[in-house]
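What follows is a set of notes on a single structure, which appears directly below.
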Amino acid sequence: MEGANRGAFEAGGLSIGCNIELPFEQRPNPYQTRGLKFKYFFVRKMMFVKYSLGFIIFPGGFGTLDELFEALTLIQTQKISNFPVVLFGTAYWQGLLDWIRDYAMKQGKVSEQDLQLLHVTDSPAEVVEIIIKSQSSLHHLDKNSDAYRFPS
């Protein structure tokens, strides 16, 4: 997440970091203008989803997969608005996507429509295009919750 924080920081924007208390790995990066610290993963994920207009997922471990599938499940079950979920790094994600198609989809656990929730790319320009295109379809701002809603 340092990349997103750095981009916002260097552009003069607000750069909020959502950090988790862990015995290893997680430290606030130097590009945060505001840092939030969470004890529990589920609370951190809730904050990611509540204020997100899209997810760009880079190669990572179990925590990354957890956040990816949480977002997809919430979109699939219409608990949150459908925002873009972009997997960056086709070589990294290909095995997982093959497994989903070859096993989960063939067994009826996920559908082709579910798989279409994902965008996969190696191009930063394409990521920007996907996010901008999704924002152009922004329907309205829900004044009560500050959450953006997209048309169905």
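Identifiers in the structure tokens: chain A, B, ... in order shown; residue index from 1 per chain; ligand index from 1 in order shown.
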Per residue of stretch 2-48 of chain A within 12 Å of stretch 72-92 of chain A, which atom pair is closest and at what distance in Å (one decimal), using only C-alpha atoms, listed by chain and increasing number, as JSON lines?
{"residue": "A:Lys45", "atom": "CA", "partner": "A:Leu74", "partner_atom": "CA", "distance": 11.2}
{"residue": "A:Met46", "atom": "CA", "partner": "A:Leu74", "partner_atom": "CA", "distance": 10.5}
{"residue": "A:Phe48", "atom": "CA", "partner": "A:Ile80", "partner_atom": "CA", "distance": 11.8}
### Task
Using DSSP on the backbone, list every residue of chain A that comes out as strand (DSSP E or B), and give them as an MDAnalysis selection string.
chainID A and resid 16:20 34:38 55:57 85:88 118:121 140:141 148:149
### Near-A:Gly60 list (12 Å; only C-alpha atoms; drop same-chain fewer than 2 positions) as a ChimeraX atom specification
/A:1,56-58,62-68,87-89,92-93
### Message
DSSP on the backbone, alpha helix (DSSP H) only: what residues of chain A does that give? Format it as a count of residues only.
### Response
61
#### Entry: Test item: residues at most 6 Å from stretch 21-33 of chain A, only C-alpha atoms, excluding those fewer than 5 positions along its chain, as an MDAnalysis selection string
chainID A and resid 5:6 9 15:16 39
Generate a file of the selected residues that holds N, CA and C atoms, formatted as a tab-separated table (two decimals), in the first residue's frame.
chain	number	residue	atom	x	y	z
A	5	ASN	N	-0.11	5.29	-1.02
A	5	ASN	CA	0.17	6.38	-0.09
A	5	ASN	C	1.16	7.37	-0.67
A	6	ARG	N	2.18	6.86	-1.32
A	6	ARG	CA	3.20	7.75	-1.89
A	6	ARG	C	2.62	8.62	-3.00
A	9	PHE	N	0.46	11.27	-1.39
A	9	PHE	CA	1.33	12.18	-0.64
A	9	PHE	C	2.05	13.14	-1.58
A	15	SER	N	-3.30	11.17	2.50
A	15	SER	CA	-2.77	9.81	2.35
A	15	SER	C	-2.98	9.06	3.66
A	16	ILE	N	-4.03	8.25	3.70
A	16	ILE	CA	-4.41	7.56	4.93
A	16	ILE	C	-3.91	6.12	4.88
A	39	LYS	N	-6.44	-3.41	15.47
A	39	LYS	CA	-6.05	-4.64	16.15
A	39	LYS	C	-6.58	-5.86	15.39
### Message
Using Å and a single decimal, report how far atom CA of A:Gly95 sits from atom CA of A:Arg44.
### Response
27.3 Å
#### Entry: Distance of atom CA of A:Gly7 from atom CA of A:Leu96, expressed in Å to one decimal place
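A separation of 28.5 Å between them.
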#### Entry: Selected residue, from A:Pro59, A:Gly54, A:Phe69, A:Lys109, that lies nearest to A:Val128 when counting only C-alpha atoms
A:Gly54
### Task
Could you jot down the atom CA of A:Ile100 to atom CA of A:Gln116 separation for me, Å, one decimal place?
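Separation of atom CA of A:Ile100 and atom CA of A:Gln116: 11.8 Å.
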### Among the residues A:Leu115, A:Cys18, A:Ala125, A:Val43, the one that comes closest to A:Arg101 [using only C-alpha atoms]
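Closest to A:Arg101 of all the choices is A:Leu115.
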